[in-house]
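Quick look at upload-v8.tsv (TSV, C-alpha atoms):
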```tsv
chain	number	residue	atom	x	y	z
A	1	MET	CA	80.16	47.07	47.31
A	2	ALA	CA	78.59	44.97	44.60
A	3	GLU	CA	77.56	48.04	42.61
A	4	THR	CA	79.94	49.30	39.97
A	5	ALA	CA	81.29	52.82	40.10
A	6	THR	CA	79.91	55.29	37.58
A	7	LEU	CA	83.42	56.12	36.43
A	8	ASP	CA	84.50	52.50	36.28
A	9	ALA	CA	81.79	50.52	34.56
A	10	SER	CA	78.23	50.27	33.43
A	11	PRO	CA	75.43	48.71	35.50
A	12	THR	CA	74.89	45.07	36.46
A	13	PRO	CA	78.29	43.62	37.32
A	14	ALA	CA	78.99	40.02	36.46
A	15	ALA	CA	81.40	37.41	37.76
A	16	SER	CA	82.72	36.82	34.25
A	17	VAL	CA	82.12	38.19	30.78
A	18	PRO	CA	78.36	38.78	30.47
A	19	PRO	CA	76.51	36.41	28.12
A	20	SER	CA	75.40	37.46	24.68
A	21	SER	CA	71.92	38.30	25.94
A	22	SER	CA	73.22	40.96	28.30
A	23	ALA	CA	72.40	44.59	27.57
A	24	ARG	CA	75.70	45.57	29.11
A	25	LEU	CA	78.16	47.31	26.83
A	26	VAL	CA	80.98	44.84	27.39
A	27	SER	CA	83.20	46.51	24.80
A	28	LEU	CA	83.30	49.66	26.93
A	29	ASP	CA	84.49	47.65	29.93
A	30	ALA	CA	87.11	45.98	27.74
A	31	PHE	CA	88.28	49.28	26.26
A	32	ARG	CA	88.55	50.76	29.74
A	33	GLY	CA	90.43	47.69	30.95
A	34	LEU	CA	92.87	47.88	28.04
A	35	THR	CA	93.46	51.56	28.82
A	36	ILE	CA	94.10	51.01	32.53
A	37	ALA	CA	96.42	48.07	31.82
A	38	GLY	CA	98.29	50.37	29.45
A	39	MET	CA	98.55	53.03	32.16
A	40	ILE	CA	100.07	50.57	34.62
A	41	LEU	CA	102.43	49.22	31.96
A	42	VAL	CA	103.89	52.59	30.96
A	43	ASN	CA	103.95	53.97	34.52
A	44	ASN	CA	106.01	51.12	35.95
A	45	PRO	CA	109.11	50.25	33.92
A	46	GLY	CA	111.86	48.50	35.81
A	47	SER	CA	114.06	51.52	35.12
A	48	TRP	CA	113.15	54.85	33.55
A	49	ALA	CA	116.62	54.83	31.99
A	50	PHE	CA	115.67	51.84	29.84
A	51	VAL	CA	112.27	52.33	28.21
A	52	TYR	CA	111.44	51.45	24.61
A	53	ALA	CA	110.35	54.55	22.68
A	54	PRO	CA	106.68	53.50	22.13
A	55	LEU	CA	106.31	53.10	25.92
A	56	ALA	CA	107.53	56.63	26.66
A	57	HIS	CA	105.84	59.97	26.05
A	58	ALA	CA	106.94	62.13	23.14
A	59	GLU	CA	109.56	64.62	24.31
A	60	TRP	CA	107.31	67.54	23.32
A	61	HIS	CA	105.47	67.88	19.99
A	62	GLY	CA	104.34	64.65	18.37
A	63	TRP	CA	102.95	61.48	19.87
A	64	THR	CA	103.67	57.88	20.79
A	65	PRO	CA	101.21	55.10	21.73
A	66	THR	CA	101.76	56.11	25.36
A	67	ASP	CA	100.35	59.57	24.63
A	68	LEU	CA	97.02	57.99	23.65
A	69	ILE	CA	96.32	56.34	26.99
A	70	PHE	CA	95.16	59.24	29.18
A	71	PRO	CA	92.83	60.80	26.59
A	72	TYR	CA	91.34	57.36	25.99
A	73	PHE	CA	90.30	57.21	29.63
A	74	LEU	CA	88.67	60.66	29.46
A	75	PHE	CA	86.93	59.63	26.23
A	76	ILE	CA	85.65	56.42	27.87
A	77	MET	CA	84.42	58.42	30.85
A	78	GLY	CA	82.44	60.56	28.44
A	79	VAL	CA	80.90	57.54	26.70
A	80	ALA	CA	79.69	56.25	30.09
A	81	ILE	CA	77.95	59.51	31.07
A	82	PRO	CA	74.87	59.28	28.80
A	83	LEU	CA	74.69	55.51	29.26
A	84	SER	CA	74.37	56.05	33.01
A	85	PHE	CA	72.54	59.37	33.25
A	86	ARG	CA	69.76	58.82	30.71
A	87	ARG	CA	68.35	55.90	32.69
A	88	ARG	CA	68.33	57.93	35.88
A	89	LEU	CA	66.74	60.91	34.16
A	90	SER	CA	64.04	58.64	32.72
A	91	GLU	CA	63.35	57.42	36.27
A	92	GLY	CA	62.63	60.98	37.33
A	93	VAL	CA	65.87	61.78	39.15
A	94	PRO	CA	66.23	65.62	39.14
A	95	ARG	CA	69.12	67.06	37.18
A	96	THR	CA	70.21	69.01	40.25
A	97	ALA	CA	70.49	65.78	42.24
A	98	LEU	CA	72.53	64.13	39.49
A	99	PHE	CA	74.82	67.12	39.24
A	100	GLY	CA	75.31	67.11	43.00
A	101	HIS	CA	76.36	63.47	42.66
A	102	VAL	CA	78.80	64.44	39.91
A	103	VAL	CA	80.31	67.19	42.06
A	104	ARG	CA	80.77	64.85	45.02
A	105	ARG	CA	82.51	62.22	42.90
A	106	SER	CA	84.70	64.83	41.27
A	107	LEU	CA	85.77	66.19	44.65
A	108	LEU	CA	86.49	62.65	45.82
A	109	LEU	CA	88.71	61.98	42.80
A	110	ILE	CA	90.58	65.23	43.36
A	111	ALA	CA	91.02	64.43	47.06
A	112	ILE	CA	92.35	60.94	46.29
A	113	GLY	CA	94.77	62.42	43.76
A	114	LEU	CA	96.06	64.94	46.31
A	115	LEU	CA	96.32	62.24	48.97
A	116	MET	CA	98.40	60.08	46.64
A	117	ARG	CA	100.79	63.02	46.25
A	118	ALA	CA	100.88	63.83	49.98
A	119	VAL	CA	101.57	60.34	51.35
A	120	PRO	CA	103.80	59.74	53.26
A	121	SER	CA	105.43	63.12	53.98
A	122	PHE	CA	102.28	65.31	53.85
A	123	ASP	CA	104.46	68.23	52.86
A	124	PHE	CA	101.65	70.33	51.41
A	125	ALA	CA	103.95	73.33	51.05
A	126	GLN	CA	106.09	71.54	48.46
A	127	MET	CA	103.90	68.85	46.91
A	128	ARG	CA	102.58	68.90	43.36
A	129	TRP	CA	98.95	69.99	43.16
A	130	ALA	CA	97.98	68.76	39.70
A	131	GLY	CA	97.80	65.14	38.59
A	132	VAL	CA	95.90	62.50	36.64
A	133	LEU	CA	93.04	62.03	39.11
A	134	GLN	CA	92.75	65.76	39.65
A	135	ARG	CA	92.31	66.28	35.92
A	136	ILE	CA	89.81	63.41	35.71
A	137	GLY	CA	87.80	65.02	38.51
A	138	LEU	CA	87.78	68.46	36.89
A	139	VAL	CA	86.90	67.08	33.47
A	140	TYR	CA	84.15	64.88	34.94
A	141	VAL	CA	82.37	67.76	36.67
A	142	ALA	CA	82.63	69.96	33.56
A	143	ALA	CA	81.53	67.29	31.08
A	144	GLY	CA	78.80	66.00	33.39
A	145	GLY	CA	77.47	69.50	33.90
A	146	LEU	CA	77.44	70.23	30.17
A	147	TYR	CA	75.59	66.97	29.54
A	148	LEU	CA	72.96	67.70	32.17
A	149	TRP	CA	72.34	71.36	31.40
A	150	LEU	CA	72.88	71.74	27.65
A	151	LYS	CA	71.10	70.25	24.67
A	152	PRO	CA	73.23	68.33	22.15
A	153	SER	CA	73.52	71.40	19.91
A	154	GLY	CA	74.78	73.42	22.86
A	155	ARG	CA	77.35	70.78	23.71
A	156	TRP	CA	78.59	70.69	20.12
A	157	SER	CA	78.94	74.48	20.21
A	158	ALA	CA	80.77	74.27	23.54
A	159	ALA	CA	83.17	71.63	22.17
A	160	GLY	CA	84.05	73.65	19.09
A	161	GLY	CA	84.22	76.88	21.05
A	162	LEU	CA	86.57	75.47	23.67
A	163	LEU	CA	88.97	74.07	21.06
A	164	LEU	CA	89.05	77.31	19.09
A	165	LEU	CA	89.30	79.45	22.23
A	166	TYR	CA	92.22	77.40	23.52
A	167	TRP	CA	93.99	77.66	20.16
A	168	GLY	CA	93.43	81.42	20.10
A	169	LEU	CA	94.73	81.89	23.64
A	170	MET	CA	97.82	79.78	23.03
A	171	VAL	CA	98.84	81.49	19.78
A	172	LEU	CA	97.62	85.06	20.25
A	173	VAL	CA	98.12	85.97	23.92
A	174	PRO	CA	101.69	87.16	24.56
A	175	VAL	CA	103.72	85.66	27.41
A	176	PRO	CA	106.13	88.05	29.16
A	177	GLY	CA	109.64	87.40	27.93
A	178	TYR	CA	108.51	85.10	25.11
A	179	GLY	CA	105.81	86.87	23.11
A	180	ALA	CA	102.72	85.38	21.47
A	181	GLY	CA	102.52	81.97	19.85
A	182	ASP	CA	105.54	80.49	21.61
A	183	LEU	CA	104.72	76.80	22.15
A	184	SER	CA	108.03	75.86	23.75
A	185	VAL	CA	108.22	74.12	27.13
A	186	GLU	CA	108.56	77.33	29.11
A	187	GLY	CA	107.31	79.95	26.68
A	188	ASN	CA	103.71	78.78	26.21
A	189	LEU	CA	100.77	80.49	27.89
A	190	ALA	CA	99.60	77.37	29.77
A	191	ALA	CA	102.98	76.97	31.49
A	192	TYR	CA	103.12	80.69	32.27
A	193	LEU	CA	99.70	80.62	33.96
A	194	ASP	CA	100.63	77.49	35.92
A	195	ARG	CA	103.76	79.22	37.17
A	196	MET	CA	101.69	82.24	38.16
A	197	LEU	CA	98.97	80.26	39.93
A	198	MET	CA	100.74	77.12	41.15
A	199	GLY	CA	104.40	78.11	41.34
A	200	GLY	CA	106.33	75.65	43.48
A	201	HIS	CA	103.66	72.98	43.06
A	202	LEU	CA	104.31	71.83	39.50
A	203	TRP	CA	105.52	68.52	38.08
A	204	GLN	CA	108.55	70.30	36.66
A	205	GLU	CA	109.82	73.60	38.00
A	206	THR	CA	108.34	75.62	35.14
A	207	TRP	CA	105.39	73.57	33.81
A	208	ASP	CA	102.94	70.75	34.45
A	209	PRO	CA	101.35	68.38	31.90
A	210	GLU	CA	98.10	68.38	33.92
A	211	GLY	CA	97.99	72.14	34.42
A	212	LEU	CA	94.96	74.40	34.66
A	213	LEU	CA	94.53	75.97	31.22
A	214	SER	CA	95.14	72.71	29.35
A	215	THR	CA	92.28	71.13	31.29
A	216	MET	CA	89.92	73.18	29.12
A	217	PRO	CA	90.52	71.22	25.88
A	218	ALA	CA	90.63	67.98	27.91
A	219	VAL	CA	86.93	68.59	28.65
A	220	VAL	CA	86.30	68.31	24.91
A	221	THR	CA	87.90	64.86	24.92
A	222	SER	CA	85.12	63.71	27.25
A	223	LEU	CA	82.48	65.64	25.30
A	224	LEU	CA	83.43	63.66	22.20
A	225	GLY	CA	82.96	60.54	24.30
A	226	ILE	CA	79.51	61.81	25.33
A	227	PHE	CA	78.56	62.26	21.68
A	228	THR	CA	79.69	58.67	21.09
A	229	GLY	CA	77.59	57.41	23.99
A	230	GLU	CA	74.54	59.22	22.63
A	231	TRP	CA	75.19	57.73	19.19
A	232	LEU	CA	75.22	54.26	20.72
A	233	GLN	CA	71.82	54.93	22.30
A	234	ARG	CA	70.20	55.63	18.94
A	235	ASP	CA	67.82	53.14	17.39
A	236	HIS	CA	70.24	51.83	14.77
A	237	GLU	CA	71.63	48.38	14.12
A	238	GLY	CA	75.00	47.58	15.61
A	239	SER	CA	76.69	47.49	12.21
A	240	ALA	CA	75.38	50.97	11.39
A	241	LYS	CA	76.63	52.29	14.72
A	242	THR	CA	80.02	50.74	14.03
A	243	ARG	CA	80.25	52.35	10.61
A	244	GLY	CA	79.33	55.70	12.11
A	245	MET	CA	82.05	55.46	14.74
A	246	LEU	CA	84.70	54.37	12.24
A	247	LEU	CA	83.83	57.13	9.79
A	248	ALA	CA	83.81	59.73	12.56
A	249	GLY	CA	87.14	58.35	13.79
A	250	VAL	CA	88.76	58.70	10.38
A	251	GLY	CA	87.38	62.24	10.07
A	252	LEU	CA	88.66	63.34	13.47
A	253	VAL	CA	92.11	61.85	12.83
A	254	ALA	CA	92.29	63.66	9.48
A	255	VAL	CA	91.23	67.02	10.95
A	256	GLY	CA	93.64	66.56	13.85
A	257	LEU	CA	96.53	65.91	11.48
A	258	VAL	CA	95.67	68.95	9.38
A	259	TRP	CA	95.38	71.15	12.48
A	260	ASN	CA	98.71	69.73	13.64
A	261	VAL	CA	100.41	71.85	10.98
A	262	ALA	CA	99.33	75.07	12.72
A	263	PHE	CA	98.85	73.81	16.30
A	264	PRO	CA	101.08	70.78	16.86
A	265	ILE	CA	99.83	67.57	18.44
A	266	ASN	CA	101.18	67.78	21.99
A	267	LYS	CA	100.05	65.74	24.99
A	268	SER	CA	101.64	68.01	27.60
A	269	LEU	CA	99.79	71.03	26.19
A	270	TRP	CA	96.70	68.95	25.31
A	271	THR	CA	96.45	70.94	22.09
A	272	SER	CA	93.24	71.10	20.09
A	273	SER	CA	94.78	68.98	17.33
A	274	TYR	CA	95.74	66.41	19.99
A	275	VAL	CA	92.12	66.31	21.22
A	276	LEU	CA	90.75	65.54	17.76
A	277	PHE	CA	93.52	63.11	16.81
A	278	THR	CA	93.32	61.06	20.01
A	279	ALA	CA	89.52	61.03	20.04
A	280	GLY	CA	89.61	59.85	16.44
A	281	THR	CA	91.94	56.97	17.21
A	282	ALA	CA	89.81	56.14	20.28
A	283	LEU	CA	86.73	55.93	18.05
A	284	LEU	CA	88.54	53.65	15.63
A	285	LEU	CA	89.73	51.29	18.36
A	286	PHE	CA	86.46	51.37	20.29
A	287	GLY	CA	84.45	50.93	17.09
A	288	ILE	CA	86.38	47.76	16.26
A	289	MET	CA	85.98	46.45	19.81
A	290	TYR	CA	82.26	47.29	19.83
A	291	TRP	CA	81.73	45.48	16.53
A	292	ALA	CA	83.67	42.40	17.62
A	293	ILE	CA	82.40	42.14	21.21
A	294	ASP	CA	78.87	43.58	21.22
A	295	VAL	CA	77.77	43.19	17.60
A	296	ARG	CA	79.41	39.93	16.53
A	297	ARG	CA	79.51	38.61	20.13
A	298	TRP	CA	83.08	37.34	19.85
A	299	ARG	CA	83.66	36.54	23.50
A	300	GLY	CA	85.80	34.07	25.34
A	301	PRO	CA	88.55	33.70	27.95
A	302	TRP	CA	90.69	36.27	26.11
A	303	LEU	CA	88.16	38.98	27.00
A	304	VAL	CA	87.95	38.36	30.74
A	305	PRO	CA	91.28	40.05	31.69
A	306	LEU	CA	90.18	43.26	29.97
A	307	VAL	CA	86.81	43.21	31.73
A	308	VAL	CA	88.47	42.48	35.08
A	309	TYR	CA	90.66	45.56	34.72
A	310	GLY	CA	87.85	47.65	33.30
A	311	MET	CA	85.39	47.09	36.13
A	312	ASN	CA	87.78	48.20	38.91
A	313	SER	CA	89.79	50.71	36.92
A	314	ILE	CA	90.14	53.62	39.35
A	315	ALA	CA	90.79	51.27	42.26
A	316	VAL	CA	93.60	49.41	40.51
A	317	TYR	CA	95.12	52.67	39.25
A	318	VAL	CA	95.27	54.09	42.78
A	319	ALA	CA	96.40	50.85	44.44
A	320	SER	CA	99.14	50.12	41.91
A	321	GLY	CA	100.43	53.69	42.14
A	322	MET	CA	100.60	53.62	45.91
A	323	VAL	CA	102.35	50.24	46.00
A	324	THR	CA	104.91	51.52	43.49
A	325	LYS	CA	105.48	54.58	45.65
A	326	ALA	CA	106.00	52.37	48.70
A	327	MET	CA	108.46	50.09	46.89
A	328	VAL	CA	110.49	53.08	45.76
A	329	ARG	CA	110.74	54.38	49.33
A	330	VAL	CA	111.56	51.08	51.03
A	331	ARG	CA	115.34	50.58	51.16
A	332	VAL	CA	116.84	47.10	51.18
A	333	ARG	CA	120.35	48.25	52.07
A	334	GLY	CA	119.85	51.07	54.52
A	335	ASP	CA	118.76	54.66	53.96
A	336	GLY	CA	121.26	55.25	51.18
A	337	GLY	CA	120.90	51.86	49.54
A	338	THR	CA	118.85	50.46	46.71
A	339	SER	CA	115.08	50.77	46.77
A	340	LEU	CA	113.00	47.62	46.88
A	341	TYR	CA	111.67	48.58	43.44
A	342	GLY	CA	115.18	48.88	42.02
A	343	TRP	CA	116.39	45.73	43.78
A	344	ILE	CA	113.58	43.66	42.22
A	345	TYR	CA	114.38	45.06	38.77
A	346	GLU	CA	118.10	44.42	39.09
A	347	ASN	CA	117.95	40.95	40.63
A	348	VAL	CA	114.75	39.43	39.29
A	349	PHE	CA	114.56	40.89	35.77
A	350	ARG	CA	117.69	42.70	34.58
A	351	SER	CA	119.94	39.85	35.71
A	352	TRP	CA	118.66	37.59	32.93
A	353	ALA	CA	116.81	39.84	30.46
A	354	GLY	CA	119.19	42.79	30.21
A	355	ASP	CA	118.49	46.51	30.44
A	356	TYR	CA	115.53	47.19	28.15
A	357	ASN	CA	113.93	43.76	28.12
A	358	GLY	CA	114.37	43.50	31.87
A	359	SER	CA	112.67	46.86	32.33
A	360	LEU	CA	109.81	45.79	30.07
A	361	SER	CA	109.52	42.40	31.78
A	362	PHE	CA	109.20	44.16	35.13
A	363	ALA	CA	106.33	46.30	33.79
A	364	VAL	CA	104.52	43.36	32.18
A	365	SER	CA	104.85	41.33	35.38
A	366	TYR	CA	103.42	44.23	37.37
A	367	VAL	CA	100.39	44.33	35.05
A	368	ILE	CA	99.90	40.57	35.51
A	369	LEU	CA	100.24	40.87	39.29
A	370	TRP	CA	97.48	43.46	39.51
A	371	LEU	CA	95.34	41.49	37.10
A	372	ALA	CA	95.53	38.54	39.50
A	373	LEU	CA	94.57	40.72	42.46
A	374	MET	CA	91.66	42.33	40.61
A	375	TRP	CA	90.54	38.89	39.42
A	376	ILE	CA	89.99	37.90	43.05
A	377	LEU	CA	87.70	40.90	43.53
A	378	HIS	CA	85.97	40.22	40.24
A	379	ARG	CA	85.17	36.62	41.12
A	380	ARG	CA	83.65	37.83	44.39
A	381	ARG	CA	81.65	40.50	42.52
A	382	ILE	CA	83.38	43.30	44.42
A	383	TYR	CA	83.54	46.55	42.48
A	384	ILE	CA	84.94	49.46	44.44
A	385	LYS	CA	82.64	52.45	44.16
A	386	ILE	CA	84.16	55.90	43.69
```

Would you write out, as structure tokens, the structure that this file holds?
Amino acid sequence: MAETATLDASPTPAASVPPSSSARLVSLDAFRGLTIAGMILVNNPGSWAFVYAPLAHAEWHGWTPTDLIFPYFLFIMGVAIPLSFRRRLSEGVPRTALFGHVVRRSLLLIAIGLLMRAVPSFDFAQMRWAGVLQRIGLVYVAAGGLYLWLKPSGRWSAAGGLLLLYWGLMVLVPVPGYGAGDLSVEGNLAAYLDRMLMGGHLWQETWDPEGLLSTMPAVVTSLLGIFTGEWLQRDHEGSAKTRGMLLAGVGLVAVGLVWNVAFPINKSLWTSSYVLFTAGTALLLFGIMYWAIDVRRWRGPWLVPLVVYGMNSIAVYVASGMVTKAMVRVRVRGDGGTSLYGWIYENVFRSWAGDYNGSLSFAVSYVILWLALMWILHRRRIYIKI
């Protein structure tokens, strides 16, 4: 298992941060690691009743730092696609073979996501069908297929077309009982279609943030990552590539904010303005990291934790989620007592740090715990392939 997963990292794993002579895009590993650490942090507060506002999702329209995390991962996945596929295409690997590989990995991600939902009851009649890994799988097969079968101009047309089509559907198609253009929790078209197609299997009774229709604009998030990966492959100096990413980032943020007036930024709906805004902020952050890590070669012990998380990202996401699920189900005081998760929060963190700081301390400690476990794999050059 010494080979890195396509979705997790770029080729040639290393036991520590690669040296300055390495062709590896270390900044992409670090950006991915920062994103996954953020996912674990916001997904595991000591108590959901005590979460600082920046570490919670926006209630509906608008955004918080937490709302940036998932699109960042889809963006990063897009950046990795041309970096991985172009080498294989240059070696003569047929596009059909590569696409078959994409389909298999997408199905595996979807299956793992469903399994995470099913364990331990396996109540398929009641379980939620959608989820983070399911959306990653669907977006990966769509973005990978568009990369393999369309020229850059075709992908740009597809990206713009999907965003405009989604906007048109959401504001022009009437929903029974609500009319057209209703972007409320229950009145929007995406929620209506999810109720029609997946009723009884949604995150909430009437809607799901990883529903079917909203996956369409999420594909564009990865397409914008693909365009970034292709830009990085151009024969330009690192400083010029950085300037290009930062300028594009500012432009996307500006367009996203303007579009927000007519089509509000909304993570649960994955609105077109949200796609552009989050991709823009991803470009700004990634551009800075690329300049510092791969252009200026500012590397040291501070970078290793990000790389450790970044090179086993899917594995640590799945493992941490399943352990959390187990701790919630294990009771320390009988069937009706406190969960192990709650007991640890109450007795180890809340007892001295209070409600909010105790909840945050629990989450930070959980991130550190998984960093330590992934560090063991990293030192042994074990990178779980998905």

Atom pair atom CA of A:Ala49 / atom CA of A:Thr35: separation (Å)
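Atom CA of A:Ala49 sits 23.6 Å away from atom CA of A:Thr35.
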
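The nearest approach to A:Asn43 among the residues A:Leu165, A:Val132, A:Leu89, A:Met198, with all atoms listed in the file taken into account, belongs to A:Val132.
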
Can you check which parts of stretch 208-259 of chain A lie within 12 Å of stretch 296-299 of chain A? Per residue, the shortest pair of atoms and distance in Å to one decimal, counting only C-alpha atoms, sorted by chain and number, as a tab-separated table.
```
residue	atom	partner	partner_atom	distance
A:Glu237	CA	A:Arg296	CA	11.7
A:Gly238	CA	A:Arg296	CA	8.9
A:Ser239	CA	A:Arg296	CA	9.1
A:Thr242	CA	A:Arg296	CA	11.1
```

Sel. within 9 Å of pt (80.4, 63.0, 30.5), counting all atoms listed in the file, output as a PyMOL selection string
chain A and resi 74-82+139-148+219+222-226

Considering only C-alpha atoms, return as a ChimeraX atom specification whatever protein or nucleic-acid residues lie within 12 Å of stretch 103-114 of chain A, sequence-local ones (same chain, fewer than 2 positions apart) excluded.
/A:5-8,96-101,116-120,122-124,127-145,201,210,314-315,317-319,321-322,385-386

Counting all atoms listed in the file, the option among A:Leu162, A:Leu183, A:Leu197, A:Val295 closest to A:His236:
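Result for the nearest residue to A:His236: A:Val295.
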
Given the choices A:Ile384, A:Leu169, A:Val364, A:Met374, which gets closest to A:Gly46 if the distance is worked out from all atoms listed in the file?
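Among the listed residues, A:Val364 lies closest to A:Gly46.
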
Between stretch 102-176 of chain A and stretch 262-277 of chain A, at 10 Å or less, what are the per-residue closest atom pairs and their distances in Å? Count all atoms listed in the file, order by chain and rising residue number, and return it as JSON lines.
```
{"residue": "A:Gly160", "atom": "CA", "partner": "A:Ser272", "partner_atom": "CA", "distance": 9.6}
{"residue": "A:Leu162", "atom": "CA", "partner": "A:Ser272", "partner_atom": "CA", "distance": 8.7}
{"residue": "A:Leu163", "atom": "CA", "partner": "A:Ser272", "partner_atom": "CA", "distance": 5.3}
{"residue": "A:Leu164", "atom": "CA", "partner": "A:Ser272", "partner_atom": "CA", "distance": 7.6}
{"residue": "A:Leu165", "atom": "CA", "partner": "A:Ser272", "partner_atom": "CA", "distance": 9.5}
{"residue": "A:Tyr166", "atom": "CA", "partner": "A:Ser272", "partner_atom": "CA", "distance": 7.2}
{"residue": "A:Trp167", "atom": "CA", "partner": "A:Ser272", "partner_atom": "CA", "distance": 6.6}
{"residue": "A:Met170", "atom": "CA", "partner": "A:Thr271", "partner_atom": "CA", "distance": 9.0}
{"residue": "A:Val171", "atom": "CA", "partner": "A:Phe263", "partner_atom": "CA", "distance": 8.4}
```

Would you mind exporting the chosen residues as a compact mmCIF listing (two decimals), keeping the file's coordinate frame, restricted to C-alpha atoms?
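So the final result, stored in out_22.txt, reads:
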```txt
# COMPACT_ATOMS: atom_id res chain seq x y z
CA GLY A 160 84.05 73.65 19.09
CA LEU A 162 86.57 75.47 23.67
CA LEU A 163 88.97 74.07 21.06
CA LEU A 164 89.05 77.31 19.09
CA LEU A 165 89.30 79.45 22.23
CA TYR A 166 92.22 77.40 23.52
CA TRP A 167 93.99 77.66 20.16
CA MET A 170 97.82 79.78 23.03
CA VAL A 171 98.84 81.49 19.78
```

Calculate how many Å separate atom CA of A:Gly200 from atom CA of A:Glu186, rounding to one decimal.
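Value for the atom CA of A:Gly200-atom CA of A:Glu186 distance: 14.6 Å.
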
Which residue out of A:Asn44, A:Ala159, A:Tyr345, A:Asp182 has the minimum interatomic distance to A:Ala218 when all atoms listed in the file are used?
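Once distances to A:Ala218 are computed over all atoms listed in the file, the minimum belongs to A:Ala159.
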
Which one of A:Leu83, A:Val316, A:Leu25, A:Val258 sits closest to A:Gly229 if you count only C-alpha atoms?
A:Leu83

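Atom to atom, atom CA of A:Gly251 and atom CA of A:Gly38 stand 25.2 Å apart.
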
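For A:Val330, the non-local neighbours within 12 Å, defined as residues at least 6 positions apart in the same chain or in other chains and counting only C-alpha atoms, are Pro120, Val323, Thr324, Gly336, Gly337, Thr338, Ser339, Leu340, Tyr341, Gly342, Trp343 and Ile344 of chain A.
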
Written file, previous selection with C-alpha atoms, as a PDB file, in the frame of the given file:
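The file below, out.pdb, is the result:
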```pdb
ATOM      1  CA  PRO A 120     103.800  59.740  53.260  1.00  0.00           C
ATOM      2  CA  VAL A 323     102.350  50.240  46.000  1.00  0.00           C
ATOM      3  CA  THR A 324     104.910  51.520  43.490  1.00  0.00           C
ATOM      4  CA  GLY A 336     121.260  55.250  51.180  1.00  0.00           C
ATOM      5  CA  GLY A 337     120.900  51.860  49.540  1.00  0.00           C
ATOM      6  CA  THR A 338     118.850  50.460  46.710  1.00  0.00           C
ATOM      7  CA  SER A 339     115.080  50.770  46.770  1.00  0.00           C
ATOM      8  CA  LEU A 340     113.000  47.620  46.880  1.00  0.00           C
ATOM      9  CA  TYR A 341     111.670  48.580  43.440  1.00  0.00           C
ATOM     10  CA  GLY A 342     115.180  48.880  42.020  1.00  0.00           C
ATOM     11  CA  TRP A 343     116.390  45.730  43.780  1.00  0.00           C
ATOM     12  CA  ILE A 344     113.580  43.660  42.220  1.00  0.00           C
TER      13      ILE A 344
END
```

Top pick for closest residue to A:Asp294, considering A:Ala56, A:Met245, A:Leu373, A:Leu28 and counting only C-alpha atoms
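Answer, going by the shortest atom-to-atom distance: A:Leu28.
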
Neighbour list for A:Ile376 as a compact mmCIF listing (two decimals) with C-alpha atoms, in the coordinates of the input, cut-off 12 Å, all atoms listed in the file, skip fewer than 2 positions in-chain:
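Okay, this is what ended up in around-v3.txt:
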```txt
# COMPACT_ATOMS: atom_id res chain seq x y z
CA ALA A 15 81.40 37.41 37.76
CA SER A 16 82.72 36.82 34.25
CA PRO A 305 91.28 40.05 31.69
CA VAL A 308 88.47 42.48 35.08
CA TYR A 309 90.66 45.56 34.72
CA ASN A 312 87.78 48.20 38.91
CA LEU A 369 100.24 40.87 39.29
CA TRP A 370 97.48 43.46 39.51
CA LEU A 371 95.34 41.49 37.10
CA ALA A 372 95.53 38.54 39.50
CA LEU A 373 94.57 40.72 42.46
CA MET A 374 91.66 42.33 40.61
CA HIS A 378 85.97 40.22 40.24
CA ARG A 379 85.17 36.62 41.12
CA ARG A 380 83.65 37.83 44.39
CA ARG A 381 81.65 40.50 42.52
CA ILE A 382 83.38 43.30 44.42
CA TYR A 383 83.54 46.55 42.48
```

Reconstructed N, CA and C atoms for stretch 183-191 of chain A, given as a compact mmCIF listing (two decimals), in the frame of the given file:
```txt
# COMPACT_ATOMS: atom_id res chain seq x y z
N LEU A 183 105.21 78.08 21.63
CA LEU A 183 104.72 76.80 22.15
C LEU A 183 105.85 75.95 22.72
N SER A 184 106.93 76.59 23.13
CA SER A 184 108.03 75.86 23.75
C SER A 184 107.65 75.45 25.17
N VAL A 185 108.51 74.66 25.80
CA VAL A 185 108.22 74.12 27.13
C VAL A 185 107.93 75.23 28.13
N GLU A 186 108.72 76.27 28.13
CA GLU A 186 108.56 77.33 29.11
C GLU A 186 107.85 78.56 28.57
N GLY A 187 107.83 78.72 27.25
CA GLY A 187 107.31 79.95 26.68
C GLY A 187 105.82 79.95 26.38
N ASN A 188 105.14 78.82 26.55
CA ASN A 188 103.71 78.78 26.21
C ASN A 188 102.86 79.37 27.32
N LEU A 189 101.67 79.82 26.95
CA LEU A 189 100.77 80.49 27.89
C LEU A 189 100.34 79.57 29.02
N ALA A 190 100.06 78.30 28.74
CA ALA A 190 99.60 77.37 29.77
C ALA A 190 100.65 77.24 30.88
N ALA A 191 101.92 77.09 30.49
CA ALA A 191 102.98 76.97 31.49
C ALA A 191 103.13 78.27 32.28
```
